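The next block is work00.cif, given as mmCIF, C-alpha atoms.
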```cif
data_model
#
loop_
_atom_site.label_atom_id
_atom_site.label_comp_id
_atom_site.auth_asym_id
_atom_site.auth_seq_id
_atom_site.Cartn_x
_atom_site.Cartn_y
_atom_site.Cartn_z
CA MET A 1 91.42 141.39 88.29
CA LYS A 2 94.18 138.85 88.23
CA ASN A 3 96.44 138.91 91.26
CA LYS A 4 99.92 139.92 90.17
CA LYS A 5 101.46 137.40 92.57
CA THR A 6 99.63 134.40 91.09
CA ILE A 7 101.92 131.83 89.45
CA ILE A 8 100.67 130.55 86.10
CA ILE A 9 100.31 126.75 85.94
CA ASP A 10 99.60 125.08 82.59
CA GLU A 11 100.67 122.17 80.37
CA LYS A 12 104.18 123.66 80.07
CA THR A 13 104.79 123.69 83.83
CA PRO A 14 107.70 121.32 84.61
CA LEU A 15 106.58 118.51 86.91
CA LEU A 16 109.62 118.84 89.16
CA LEU A 17 108.95 122.55 89.67
CA LEU A 18 106.06 121.46 91.89
CA ALA A 19 107.05 117.89 92.75
CA GLY A 20 110.58 118.73 93.95
CA PRO A 21 109.54 120.98 96.85
CA MET A 22 106.59 118.68 97.60
CA PHE A 23 108.92 115.69 97.82
CA LEU A 24 111.06 117.49 100.36
CA GLU A 25 107.96 118.65 102.21
CA LEU A 26 106.56 115.11 102.41
CA PHE A 27 109.99 113.82 103.43
CA LEU A 28 110.14 116.35 106.24
CA ASN A 29 106.54 115.64 107.27
CA THR A 30 107.43 111.96 107.45
CA MET A 31 110.40 112.89 109.59
CA LEU A 32 108.10 114.85 111.90
CA ASN A 33 106.13 111.69 112.68
CA ASN A 34 109.17 109.45 112.67
CA VAL A 35 111.25 111.69 114.94
CA ASP A 36 108.74 111.04 117.72
CA THR A 37 109.05 107.29 117.15
CA ILE A 38 112.84 107.26 116.87
CA MET A 39 113.38 109.36 119.98
CA LEU A 40 110.80 107.38 121.94
CA SER A 41 112.38 104.06 120.87
CA HIS A 42 115.35 104.96 123.08
CA TYR A 43 113.07 106.07 125.88
CA ASP A 44 110.39 103.34 126.17
CA GLU A 45 109.62 100.61 123.60
CA TYR A 46 105.98 100.41 124.68
CA ALA A 47 105.64 104.12 123.90
CA VAL A 48 106.63 103.42 120.27
CA GLY A 49 103.71 101.12 119.54
CA ALA A 50 101.42 103.33 121.58
CA VAL A 51 102.18 106.43 119.48
CA GLY A 52 101.85 104.31 116.34
CA ASN A 53 98.35 103.27 117.42
CA ALA A 54 97.45 106.86 118.30
CA ASN A 55 98.67 108.22 114.96
CA THR A 56 96.50 105.71 113.12
CA ILE A 57 93.44 107.17 114.83
CA LEU A 58 94.60 110.76 114.46
CA PHE A 59 95.04 110.19 110.75
CA MET A 60 91.33 109.36 110.66
CA MET A 61 90.64 112.80 112.12
CA THR A 62 92.76 114.33 109.38
CA ILE A 63 90.58 112.57 106.81
CA PHE A 64 87.56 114.54 108.02
CA PHE A 65 89.56 117.76 107.77
CA ASN A 66 90.40 116.87 104.19
CA VAL A 67 86.73 117.05 103.15
CA ILE A 68 87.14 120.77 102.60
CA ALA A 69 90.90 120.72 102.08
CA THR A 70 90.53 118.35 99.12
CA ALA A 71 87.62 120.34 97.72
CA THR A 72 89.66 123.50 98.12
CA SER A 73 92.49 122.07 96.00
CA VAL A 74 90.05 121.06 93.24
CA VAL A 75 88.01 124.27 93.21
CA VAL A 76 90.98 126.65 93.56
CA ALA A 77 92.99 124.91 90.81
CA GLN A 78 90.06 124.81 88.37
CA TYR A 79 88.94 128.40 89.05
CA LEU A 80 92.50 129.66 88.65
CA GLY A 81 92.79 127.68 85.42
CA ALA A 82 89.54 129.28 84.22
CA LYS A 83 90.84 132.71 85.35
CA LEU A 84 87.89 133.35 87.70
CA TYR A 85 90.07 135.31 90.12
CA GLU A 86 87.29 137.45 91.58
CA LYS A 87 85.82 134.48 93.48
CA MET A 88 89.04 133.29 95.09
CA ASN A 89 88.93 135.27 98.35
CA MET A 90 85.45 134.00 99.15
CA ILE A 91 86.62 130.42 98.53
CA TYR A 92 89.67 130.92 100.74
CA THR A 93 87.58 132.37 103.58
CA LEU A 94 84.90 129.70 103.39
CA ALA A 95 87.44 126.87 103.40
CA VAL A 96 89.43 128.17 106.37
CA MET A 97 86.43 129.07 108.55
CA PHE A 98 84.54 125.85 107.87
CA ASN A 99 87.56 123.67 108.62
CA LEU A 100 88.28 125.60 111.80
CA ALA A 101 84.74 124.97 113.09
CA LEU A 102 84.91 121.32 112.03
CA GLY A 103 88.31 120.97 113.69
CA VAL A 104 87.06 122.19 117.05
CA ALA A 105 84.07 119.83 116.94
CA LEU A 106 86.14 116.78 115.99
CA SER A 107 88.86 117.53 118.54
CA LEU A 108 86.26 117.41 121.29
CA ALA A 109 84.62 114.27 119.84
CA PHE A 110 87.86 112.28 119.55
CA CYS A 111 88.90 113.18 123.09
CA ALA A 112 85.51 112.07 124.43
CA ALA A 113 85.70 108.77 122.50
CA ASN A 114 89.31 108.03 123.51
CA PRO A 115 88.56 105.06 125.84
CA LEU A 116 86.26 103.47 123.24
CA ILE A 117 88.97 103.84 120.61
CA MET A 118 91.46 101.97 122.80
CA ASP A 119 88.98 99.13 123.27
CA PHE A 120 88.29 98.88 119.54
CA LEU A 121 92.00 98.66 118.69
CA ASN A 122 92.69 96.03 121.38
CA VAL A 123 95.57 98.18 122.65
CA SER A 124 97.62 96.30 125.24
CA PRO A 125 97.57 97.46 128.90
CA GLU A 126 101.24 98.49 128.62
CA MET A 127 100.59 100.79 125.64
CA ARG A 128 97.11 102.08 126.53
CA PRO A 129 98.07 104.97 128.88
CA TYR A 130 100.61 106.31 126.37
CA SER A 131 98.17 106.12 123.45
CA MET A 132 95.43 107.86 125.39
CA ILE A 133 97.52 110.81 126.58
CA TYR A 134 98.91 111.32 123.08
CA ILE A 135 95.39 111.47 121.62
CA TYR A 136 94.21 113.86 124.34
CA ILE A 137 97.00 116.33 123.59
CA VAL A 138 97.55 116.00 119.83
CA GLY A 139 93.96 115.09 119.03
CA GLY A 140 92.64 117.82 121.29
CA SER A 141 94.48 120.37 119.16
CA GLY A 142 93.30 118.84 115.89
CA PHE A 143 91.71 122.11 114.80
CA VAL A 144 95.25 123.44 114.24
CA THR A 145 95.87 120.67 111.72
CA ALA A 146 92.50 121.42 110.10
CA VAL A 147 93.48 125.02 109.35
CA PHE A 148 97.01 124.00 108.34
CA ASN A 149 95.71 121.53 105.73
CA VAL A 150 93.49 124.13 104.05
CA MET A 151 96.12 126.85 103.99
CA LEU A 152 98.69 124.46 102.54
CA GLN A 153 96.32 123.48 99.71
CA ILE A 154 95.61 127.12 98.92
CA LEU A 155 99.31 127.93 98.65
CA ARG A 156 100.07 124.81 96.59
CA CYS A 157 97.34 125.50 94.04
CA ASN A 158 98.69 129.02 93.62
CA GLY A 159 102.07 127.51 92.76
CA TYR A 160 103.79 128.16 96.10
CA THR A 161 104.98 124.65 96.90
CA LYS A 162 108.32 125.69 98.40
CA ILE A 163 106.68 127.30 101.44
CA GLY A 164 105.43 123.88 102.55
CA MET A 165 108.97 122.55 102.34
CA TRP A 166 110.44 125.35 104.45
CA VAL A 167 107.63 125.19 107.00
CA SER A 168 108.10 121.43 107.33
CA LEU A 169 111.81 121.96 107.93
CA ALA A 170 111.03 124.45 110.69
CA ILE A 171 108.45 122.13 112.23
CA ASN A 172 111.02 119.35 112.43
CA ALA A 173 113.57 121.61 114.08
CA VAL A 174 111.08 122.76 116.72
CA ASN A 175 109.84 119.21 117.29
CA ILE A 176 113.31 117.72 117.68
CA VAL A 177 114.36 120.40 120.15
CA GLY A 178 111.13 119.99 122.12
CA ASN A 179 111.44 116.19 122.21
CA TYR A 180 115.02 116.45 123.40
CA LEU A 181 114.10 118.89 126.15
CA PHE A 182 111.37 116.61 127.51
CA LEU A 183 113.02 113.21 126.99
CA TYR A 184 116.73 113.80 127.66
CA GLY A 185 117.32 117.51 128.30
CA PRO A 186 116.62 120.09 131.02
CA LEU A 187 112.92 119.16 131.23
CA SER A 188 113.49 115.41 131.57
CA PHE A 189 113.12 115.67 135.35
CA LEU A 190 109.40 116.25 134.73
CA LYS A 191 109.21 112.66 133.43
CA MET A 192 106.54 113.66 130.93
CA GLY A 193 107.77 111.31 128.18
CA VAL A 194 104.96 110.84 125.68
CA GLU A 195 103.18 113.93 127.04
CA GLY A 196 106.27 116.02 126.31
CA VAL A 197 106.56 114.61 122.78
CA ALA A 198 102.90 115.43 122.16
CA ILE A 199 103.35 119.00 123.44
CA SER A 200 106.35 119.46 121.12
CA THR A 201 104.30 118.26 118.15
CA VAL A 202 101.42 120.63 118.89
CA THR A 203 103.74 123.59 119.44
CA ALA A 204 105.44 122.98 116.10
CA ARG A 205 102.09 122.83 114.27
CA VAL A 206 100.81 126.06 115.85
CA LEU A 207 103.94 127.87 114.69
CA ALA A 208 103.53 126.36 111.21
CA VAL A 209 99.99 127.70 110.84
CA ALA A 210 101.15 131.16 111.88
CA VAL A 211 103.89 131.11 109.24
CA LEU A 212 101.45 130.04 106.48
CA PHE A 213 99.10 132.92 107.27
CA VAL A 214 101.97 135.42 107.27
CA PHE A 215 103.17 134.13 103.90
CA PHE A 216 99.62 134.19 102.48
CA TYR A 217 99.37 137.91 103.15
CA ARG A 218 102.99 138.81 102.41
CA ALA A 219 102.74 137.13 98.97
CA LYS A 220 99.46 138.99 98.34
CA ILE A 221 97.71 135.78 97.32
CA GLY A 222 94.39 137.00 98.66
CA ARG A 223 92.63 137.80 101.89
CA ILE A 224 90.42 136.05 104.44
CA SER A 225 87.55 137.96 106.01
CA LEU A 226 84.19 136.99 107.47
CA ARG A 227 82.67 139.90 105.53
CA LEU A 228 83.22 137.90 102.34
CA LEU A 229 80.70 135.34 103.64
CA LYS A 230 77.84 137.88 103.58
CA PRO A 231 75.54 136.75 102.11
CA PHE A 232 76.62 133.27 103.11
CA PRO A 233 77.72 131.28 100.02
CA GLY A 234 75.66 128.20 100.85
CA LYS A 235 75.66 126.86 97.29
CA LEU A 236 79.43 127.10 97.09
CA LEU A 237 79.81 125.31 100.44
CA MET A 238 77.49 122.52 99.32
CA ARG A 239 79.45 122.17 96.10
CA MET A 240 82.69 121.91 98.04
CA VAL A 241 81.20 119.38 100.45
CA LYS A 242 79.88 117.42 97.48
CA ILE A 243 83.42 117.30 96.10
CA GLY A 244 85.13 116.65 99.41
CA LEU A 245 82.85 114.02 100.94
CA PRO A 246 83.50 111.27 98.38
CA SER A 247 87.25 111.98 98.56
CA ALA A 248 87.14 111.92 102.35
CA GLY A 249 84.91 108.86 102.22
CA GLU A 250 87.50 107.07 100.12
CA ASN A 251 90.24 107.94 102.60
CA LEU A 252 87.98 107.14 105.54
CA THR A 253 87.02 103.69 104.31
CA TYR A 254 90.71 103.00 103.64
CA ASN A 255 91.71 104.14 107.11
CA VAL A 256 88.94 102.17 108.83
CA TYR A 257 89.99 99.17 106.78
CA GLN A 258 93.64 99.68 107.82
CA THR A 259 92.53 100.18 111.43
CA THR A 260 90.69 96.86 111.28
CA LEU A 261 93.85 95.22 109.96
CA LEU A 262 95.74 96.90 112.81
CA SER A 263 93.41 95.23 115.30
CA PHE A 264 94.47 91.89 113.77
CA VAL A 265 98.14 92.87 114.19
CA ASN A 266 97.60 93.98 117.81
CA ALA A 267 96.25 90.52 118.58
CA MET A 268 99.54 89.04 117.30
CA GLY A 269 101.58 90.63 120.10
CA ASN A 270 103.72 93.67 120.78
CA ASP A 271 106.56 92.54 118.49
CA ALA A 272 104.19 92.45 115.53
CA VAL A 273 102.86 95.92 116.43
CA ASN A 274 106.34 97.41 116.65
CA ALA A 275 107.47 95.67 113.44
CA ARG A 276 104.54 97.30 111.65
CA VAL A 277 105.40 100.73 113.10
CA TYR A 278 109.09 100.53 112.17
CA CYS A 279 108.38 99.21 108.67
CA ASN A 280 105.81 101.89 108.03
CA MET A 281 108.50 104.49 108.65
CA LEU A 282 110.72 102.91 106.00
CA ILE A 283 107.77 102.40 103.65
CA TRP A 284 106.93 106.10 103.77
CA PHE A 285 110.34 106.93 102.36
CA ALA A 286 109.64 104.63 99.39
CA MET A 287 106.30 106.21 98.53
CA ILE A 288 106.84 109.93 99.04
CA PHE A 289 108.37 110.50 95.61
CA SER A 290 105.42 109.02 93.74
CA ASN A 291 103.07 110.80 96.13
CA ALA A 292 104.74 114.14 95.41
CA CYS A 293 104.45 113.50 91.67
CA ALA A 294 100.79 112.55 92.03
CA MET A 295 99.97 115.65 94.09
CA SER A 296 101.79 117.89 91.63
CA THR A 297 99.98 116.29 88.72
CA GLN A 298 96.69 116.87 90.55
CA ILE A 299 97.39 120.60 90.66
CA ILE A 300 98.41 120.73 87.00
CA THR A 301 95.42 118.60 85.98
CA GLY A 302 93.05 120.88 87.89
CA HIS A 303 94.41 123.94 86.10
CA LEU A 304 94.24 122.23 82.69
CA VAL A 305 90.69 120.96 83.22
CA GLY A 306 89.62 124.40 84.42
CA ALA A 307 91.11 125.85 81.21
CA ASP A 308 89.24 123.16 79.19
CA LYS A 309 92.46 121.46 78.03
CA THR A 310 91.39 117.85 78.49
CA ASP A 311 93.78 116.30 75.98
CA GLU A 312 96.77 117.93 77.65
CA ALA A 313 95.52 116.73 81.06
CA TYR A 314 95.06 113.17 79.77
CA LYS A 315 98.62 112.95 78.43
CA ARG A 316 100.20 114.64 81.43
CA VAL A 317 99.00 111.96 83.87
CA PHE A 318 100.55 109.09 81.92
CA LYS A 319 103.75 111.08 81.61
CA THR A 320 103.88 111.32 85.39
CA LEU A 321 103.44 107.56 85.75
CA ARG A 322 106.40 106.87 83.47
CA THR A 323 108.54 108.81 85.92
CA SER A 324 107.11 107.81 89.28
CA MET A 325 106.53 104.06 88.84
CA PRO A 326 110.10 102.84 88.16
CA ILE A 327 111.57 105.07 90.86
CA THR A 328 108.98 103.97 93.43
CA VAL A 329 109.55 100.26 92.72
CA ALA A 330 113.31 100.78 92.85
CA LEU A 331 113.08 102.50 96.24
CA ALA A 332 110.81 99.77 97.63
CA SER A 333 113.22 97.10 96.40
CA LEU A 334 116.15 98.93 97.98
CA ASN A 335 114.17 99.06 101.22
CA ALA A 336 113.70 95.29 101.13
CA ILE A 337 117.41 94.71 100.50
CA LEU A 338 118.65 97.05 103.23
CA CYS A 339 115.98 96.55 105.90
CA SER A 340 118.02 94.00 107.85
CA TYR A 341 120.40 96.91 108.53
CA THR A 342 118.01 99.87 108.67
CA LEU A 343 115.69 98.21 111.18
CA HIS A 344 118.61 98.10 113.61
CA ILE A 345 118.29 101.89 113.82
CA PHE A 346 115.12 101.35 115.83
CA THR A 347 115.58 98.06 117.64
CA ASP A 348 117.91 95.13 118.39
CA ASN A 349 114.99 92.73 118.83
CA GLU A 350 115.76 89.99 116.28
CA ASN A 351 112.15 88.79 116.14
CA ILE A 352 110.97 92.28 115.17
CA ILE A 353 113.69 92.49 112.52
CA ALA A 354 112.71 89.11 111.05
CA LEU A 355 109.07 90.16 110.87
CA GLY A 356 110.14 93.44 109.29
CA GLN A 357 112.13 91.70 106.55
CA SER A 358 109.09 89.73 105.40
CA ILE A 359 106.95 92.87 105.48
CA MET A 360 109.36 94.81 103.30
CA ILE A 361 109.37 92.13 100.59
CA VAL A 362 105.58 92.30 100.36
CA ASP A 363 105.76 96.09 100.29
CA ILE A 364 107.38 96.08 96.84
CA PHE A 365 104.01 95.01 95.42
CA ILE A 366 102.13 97.43 97.68
CA GLU A 367 104.14 100.41 96.39
CA ALA A 368 103.65 99.47 92.73
CA GLY A 369 99.88 99.38 93.20
CA ARG A 370 99.86 102.45 95.41
CA CYS A 371 101.76 104.43 92.77
CA LEU A 372 98.99 103.67 90.26
CA ASN A 373 96.31 104.62 92.78
CA MET A 374 97.84 107.92 93.85
CA THR A 375 98.55 109.04 90.31
CA PHE A 376 95.15 108.30 88.79
CA VAL A 377 92.93 108.90 91.82
CA ASN A 378 94.45 112.33 92.45
CA SER A 379 93.99 113.24 88.81
CA LEU A 380 90.40 112.00 88.75
CA LYS A 381 89.61 114.20 91.74
CA ALA A 382 91.27 117.18 90.06
CA ALA A 383 89.09 116.60 87.00
CA GLY A 384 85.92 116.49 89.13
CA ALA A 385 85.41 112.71 88.96
CA TYR A 386 85.31 112.10 92.70
CA ILE A 387 82.65 109.38 92.98
CA PHE A 388 84.38 106.53 91.14
CA PRO A 389 87.50 106.45 93.38
CA LEU A 390 85.19 106.08 96.39
CA VAL A 391 83.28 103.14 94.88
CA ALA A 392 86.48 101.42 93.76
CA GLY A 393 88.02 102.00 97.20
CA ILE A 394 85.13 100.50 99.15
CA ILE A 395 84.92 97.39 96.96
CA CYS A 396 88.66 96.72 96.84
CA ASN A 397 89.48 97.64 100.46
CA TRP A 398 86.88 95.40 102.03
CA GLY A 399 86.26 92.84 99.29
CA LEU A 400 89.92 92.18 98.52
CA GLY A 401 92.26 93.77 101.06
CA LEU A 402 90.54 92.81 104.32
CA THR A 403 89.53 89.36 103.12
CA THR A 404 92.97 88.49 101.79
CA GLY A 405 94.70 89.96 104.83
CA TYR A 406 92.59 87.94 107.26
CA VAL A 407 92.83 84.69 105.31
CA VAL A 408 96.57 84.87 104.68
CA GLY A 409 97.66 86.62 107.87
CA VAL A 410 95.33 85.10 110.46
CA SER A 411 93.73 81.93 109.09
CA MET A 412 96.79 80.65 107.23
CA GLY A 413 99.15 81.84 109.96
CA PHE A 414 101.51 84.04 107.92
CA GLY A 415 101.22 86.75 110.56
CA VAL A 416 101.85 90.44 109.95
CA ALA A 417 103.35 89.81 106.49
CA GLY A 418 100.07 88.15 105.51
CA ILE A 419 98.19 91.26 106.63
CA PHE A 420 100.39 93.33 104.33
CA ALA A 421 99.71 90.85 101.51
CA GLY A 422 96.05 91.83 101.77
CA THR A 423 97.00 95.48 101.28
CA ALA A 424 99.12 94.55 98.25
CA THR A 425 96.16 92.77 96.66
CA ASP A 426 93.92 95.78 97.24
CA GLU A 427 96.42 98.36 95.94
CA CYS A 428 97.41 96.52 92.76
CA ILE A 429 93.92 95.59 91.56
CA ARG A 430 92.40 98.95 92.51
CA GLY A 431 95.27 100.74 90.76
CA LEU A 432 94.55 98.92 87.51
CA ILE A 433 90.84 99.74 87.80
CA VAL A 434 91.32 103.50 88.24
CA MET A 435 93.94 103.56 85.46
CA TYR A 436 91.42 101.99 83.08
CA TYR A 437 88.80 104.58 84.10
CA TRP A 438 91.21 107.40 83.26
CA PHE A 439 92.27 105.70 80.00
CA LYS A 440 88.64 105.52 78.84
CA LYS A 441 88.22 109.26 79.61
CA LYS A 442 85.17 108.73 81.80
CA TRP A 443 86.18 111.87 83.69
CA VAL A 444 85.75 114.28 80.79
CA GLY A 445 82.96 116.83 81.32
CA LYS A 446 82.94 116.63 85.13
CA SER A 447 84.62 120.01 85.74
CA VAL A 448 83.20 122.00 88.67
CA VAL A 449 83.66 125.31 86.83
CA GLU A 450 80.53 126.65 85.15
CA LYS A 451 82.00 128.77 82.40
CA LYS A 452 78.64 129.92 81.09
CA THR A 453 78.05 131.99 84.21
CA ALA A 454 81.66 133.02 84.70
#
```

Give the structure from this file in structure tokens form.
Amino acid sequence: MKNKKTIIIDEKTPLLLLAGPMFLELFLNTMLNNVDTIMLSHYDEYAVGAVGNANTILFMMTIFFNVIATATSVVVAQYLGAKLYEKMNMIYTLAVMFNLALGVALSLAFCAANPLIMDFLNVSPEMRPYSMIYIYIVGGSGFVTAVFNVMLQILRCNGYTKIGMWVSLAINAVNIVGNYLFLYGPLSFLKMGVEGVAISTVTARVLAVAVLFVFFYRAKIGRISLRLLKPFPGKLLMRMVKIGLPSAGENLTYNVYQTTLLSFVNAMGNDAVNARVYCNMLIWFAMIFSNACAMSTQIITGHLVGADKTDEAYKRVFKTLRTSMPITVALASLNAILCSYTLHIFTDNENIIALGQSIMIVDIFIEAGRCLNMTFVNSLKAAGAYIFPLVAGIICNWGLGLTTGYVVGVSMGFGVAGIFAGTATDECIRGLIVMYYWFKKKWVGKSVVEKKTA
């Protein structure tokens, strides 16, 4: 029987109904990461680059968590669109329990590999202790993030996007207060610094997970119980892994590729590392609107494909692009114009600011290509076409992005801006490729819902 609390999502659902709260959620999530950097920039400049390095690695951990989280978003959206409500609780339980187990295993693995990670990234001796302690604390509690990611996807696909926004706001408040207490407030005498910032981050995420579970039950979305896994739904798990692995593989190859580029930047000196960290904070603000639109379109597309409305799904994706592309490019251009002022928020080092200005000019092209990628790749995944984005990602990341970045940034001596030029080449060409794949409707017929047995 259909859950009375389920929100109907179809071709008539306004994009901003989902994208608006998601935009604010992504904005606040960006602030959560950036608050650590901003507050640390006034505490110890080496700690800034160190946390930036650590977050790059921790993002790789999140990619593994997204194997099931991504599959959950696809399966839940399509099954809701097909009105197969009786299977939802089993899907919810399987997703949460599997990601919890995976989270515990990966948390232990990343902590054990911490010294090797520092060596691979060529982290400087000044930054190494900070990076390692941050990974031990935040990475060691990665299982919390694993559960958070799945629960957030479940709520989003059911139409509850505002809860993510409010939870993100609460996380930021807790994190800011915790950072202040450890860095400048009553607990500053402990001189914990980066350790205190990491503890604040973990505390905020634990509280966030608790809130999501409370909302899940209060809204009567469904229930999670180990009894629902008897007999164990092995075929469903394999289907979800089959969906999630290519998506995670695409994100993983991109992150490894970016990590390799980061090793090039680390070899250019601490100013280059910090310029990259500061610019990435500004860059995130330029991309979150298009990202929110892409994520919202993914949910709508999943529901439409599940309901066998392929023509409506096809048109909806291009409609999203007409909104997100001009706004994204405008924001990136504004970033480039204002960065000589905004970078002063973080540092007075003129060399870092000069490097940042060149980065932000290149980023205009990165954001245009990234907008194409996010819009069409997310929609392809929602439609069940999860292999092609992986293939396109591997070829373009390593064949174009890494090669161009190394040649322009290292060999030709353009420095960190040249590294970003490699990313721009990758994003723009890959974006055109996935757009063409969607345009030719190669994704039609790849739905994960088997309506004959429904």

Hits of the PyMOL selection byres ((chain A and resi 408) around 12) in this structure, as an mmCIF file with C-alpha atoms, keeping the file's coordinate frame:
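After the write, expr.cif holds the following:
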```cif
data_model
loop_
_atom_site.group_PDB
_atom_site.id
_atom_site.type_symbol
_atom_site.label_atom_id
_atom_site.label_comp_id
_atom_site.auth_asym_id
_atom_site.auth_seq_id
_atom_site.Cartn_x
_atom_site.Cartn_y
_atom_site.Cartn_z
ATOM 1 C CA LEU A 261 93.850 95.220 109.960
ATOM 2 C CA PHE A 264 94.470 91.890 113.770
ATOM 3 C CA LEU A 400 89.920 92.180 98.520
ATOM 4 C CA GLY A 401 92.260 93.770 101.060
ATOM 5 C CA LEU A 402 90.540 92.810 104.320
ATOM 6 C CA THR A 403 89.530 89.360 103.120
ATOM 7 C CA THR A 404 92.970 88.490 101.790
ATOM 8 C CA GLY A 405 94.700 89.960 104.830
ATOM 9 C CA TYR A 406 92.590 87.940 107.260
ATOM 10 C CA VAL A 407 92.830 84.690 105.310
ATOM 11 C CA GLY A 409 97.660 86.620 107.870
ATOM 12 C CA VAL A 410 95.330 85.100 110.460
ATOM 13 C CA SER A 411 93.730 81.930 109.090
ATOM 14 C CA MET A 412 96.790 80.650 107.230
ATOM 15 C CA GLY A 413 99.150 81.840 109.960
ATOM 16 C CA PHE A 414 101.510 84.040 107.920
ATOM 17 C CA GLY A 415 101.220 86.750 110.560
ATOM 18 C CA VAL A 416 101.850 90.440 109.950
ATOM 19 C CA ALA A 417 103.350 89.810 106.490
ATOM 20 C CA GLY A 418 100.070 88.150 105.510
ATOM 21 C CA ILE A 419 98.190 91.260 106.630
ATOM 22 C CA PHE A 420 100.390 93.330 104.330
ATOM 23 C CA ALA A 421 99.710 90.850 101.510
ATOM 24 C CA GLY A 422 96.050 91.830 101.770
ATOM 25 C CA THR A 423 97.000 95.480 101.280
ATOM 26 C CA ALA A 424 99.120 94.550 98.250
ATOM 27 C CA THR A 425 96.160 92.770 96.660
#
```

Exercise for the section: May I have the residues within 7 Å of A:Val67 as JSON, numbers by chain, using all atoms listed in the file and disregarding those fewer than 4 positions away in the same chain? Expected result: {"A": [63, 71, 241, 244, 245, 247, 248]}

Fill in the blank from the handout: Separating atom CA of A:Leu155 from atom CA of A:Ser141, to the nearest tenth of an Å, is a gap of 22.4 Å

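Distances from A:Ala354, A:Val194, A:Val104, A:Val202 to A:Thr37 were compared using all atoms listed in the file, and the smallest one belongs to A:Val194.
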
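The spacing separating atom CA of A:Ile366 from atom CA of A:Asn149 amounts to 26.2 Å.
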
Handout entry: Target residues per the PyMOL selection byres ((chain A and resi 315) around 12), formatted as a PyMOL selection string
Key = chain A and resi 11+297+300-301+304+309-314+316-322+376+379+438-439+441

Exercise for the section: Tell me which protein, DNA and RNA residues are within 12 Å of stretch 164-174 of chain A, counting only C-alpha atoms, leaving out same-chain ones fewer than 4 positions away, and put them as a PyMOL selection string. Expected result: chain A and resi 18-36+148-149+151-157+159-160+178-181+197+199-216+292

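If all atoms listed in the file are the atoms counted, then among A:Leu80, A:Leu102, A:Ala95, A:Ile364 the closest residue to A:Ile9 is A:Leu80.
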
Please return stretch 229-241 of chain A, rebuilt to N, CA and C atoms, as a CSV table (one decimal), in the coordinates of the input.
```csv
chain,number,residue,atom,x,y,z
A,229,LEU,N,81.7,136.4,103.5
A,229,LEU,CA,80.7,135.3,103.6
A,229,LEU,C,79.3,135.9,103.8
A,230,LYS,N,79.1,137.2,103.5
A,230,LYS,CA,77.8,137.9,103.6
A,230,LYS,C,77.5,138.4,102.2
A,231,PRO,N,76.4,137.8,101.6
A,231,PRO,CA,75.5,136.8,102.1
A,231,PRO,C,76.3,135.4,102.1
A,232,PHE,N,75.9,134.5,103.0
A,232,PHE,CA,76.6,133.3,103.1
A,232,PHE,C,76.5,132.5,101.8
A,233,PRO,N,77.7,132.0,101.3
A,233,PRO,CA,77.7,131.3,100.0
A,233,PRO,C,77.4,129.8,100.2
A,234,GLY,N,76.1,129.6,100.6
A,234,GLY,CA,75.7,128.2,100.8
A,234,GLY,C,75.8,127.3,99.7
A,235,LYS,N,75.5,127.7,98.5
A,235,LYS,CA,75.7,126.9,97.3
A,235,LYS,C,77.1,126.5,97.1
A,236,LEU,N,78.0,127.4,97.3
A,236,LEU,CA,79.4,127.1,97.1
A,236,LEU,C,79.9,126.1,98.1
A,237,LEU,N,79.4,126.3,99.4
A,237,LEU,CA,79.8,125.3,100.4
A,237,LEU,C,79.3,123.9,100.1
A,238,MET,N,78.1,123.8,99.7
A,238,MET,CA,77.5,122.5,99.3
A,238,MET,C,78.2,121.9,98.2
A,239,ARG,N,78.7,122.7,97.2
A,239,ARG,CA,79.4,122.2,96.1
A,239,ARG,C,80.8,121.6,96.6
A,240,MET,N,81.4,122.4,97.5
A,240,MET,CA,82.7,121.9,98.0
A,240,MET,C,82.5,120.7,98.9
A,241,VAL,N,81.5,120.6,99.7
A,241,VAL,CA,81.2,119.4,100.4
A,241,VAL,C,80.9,118.2,99.5
```
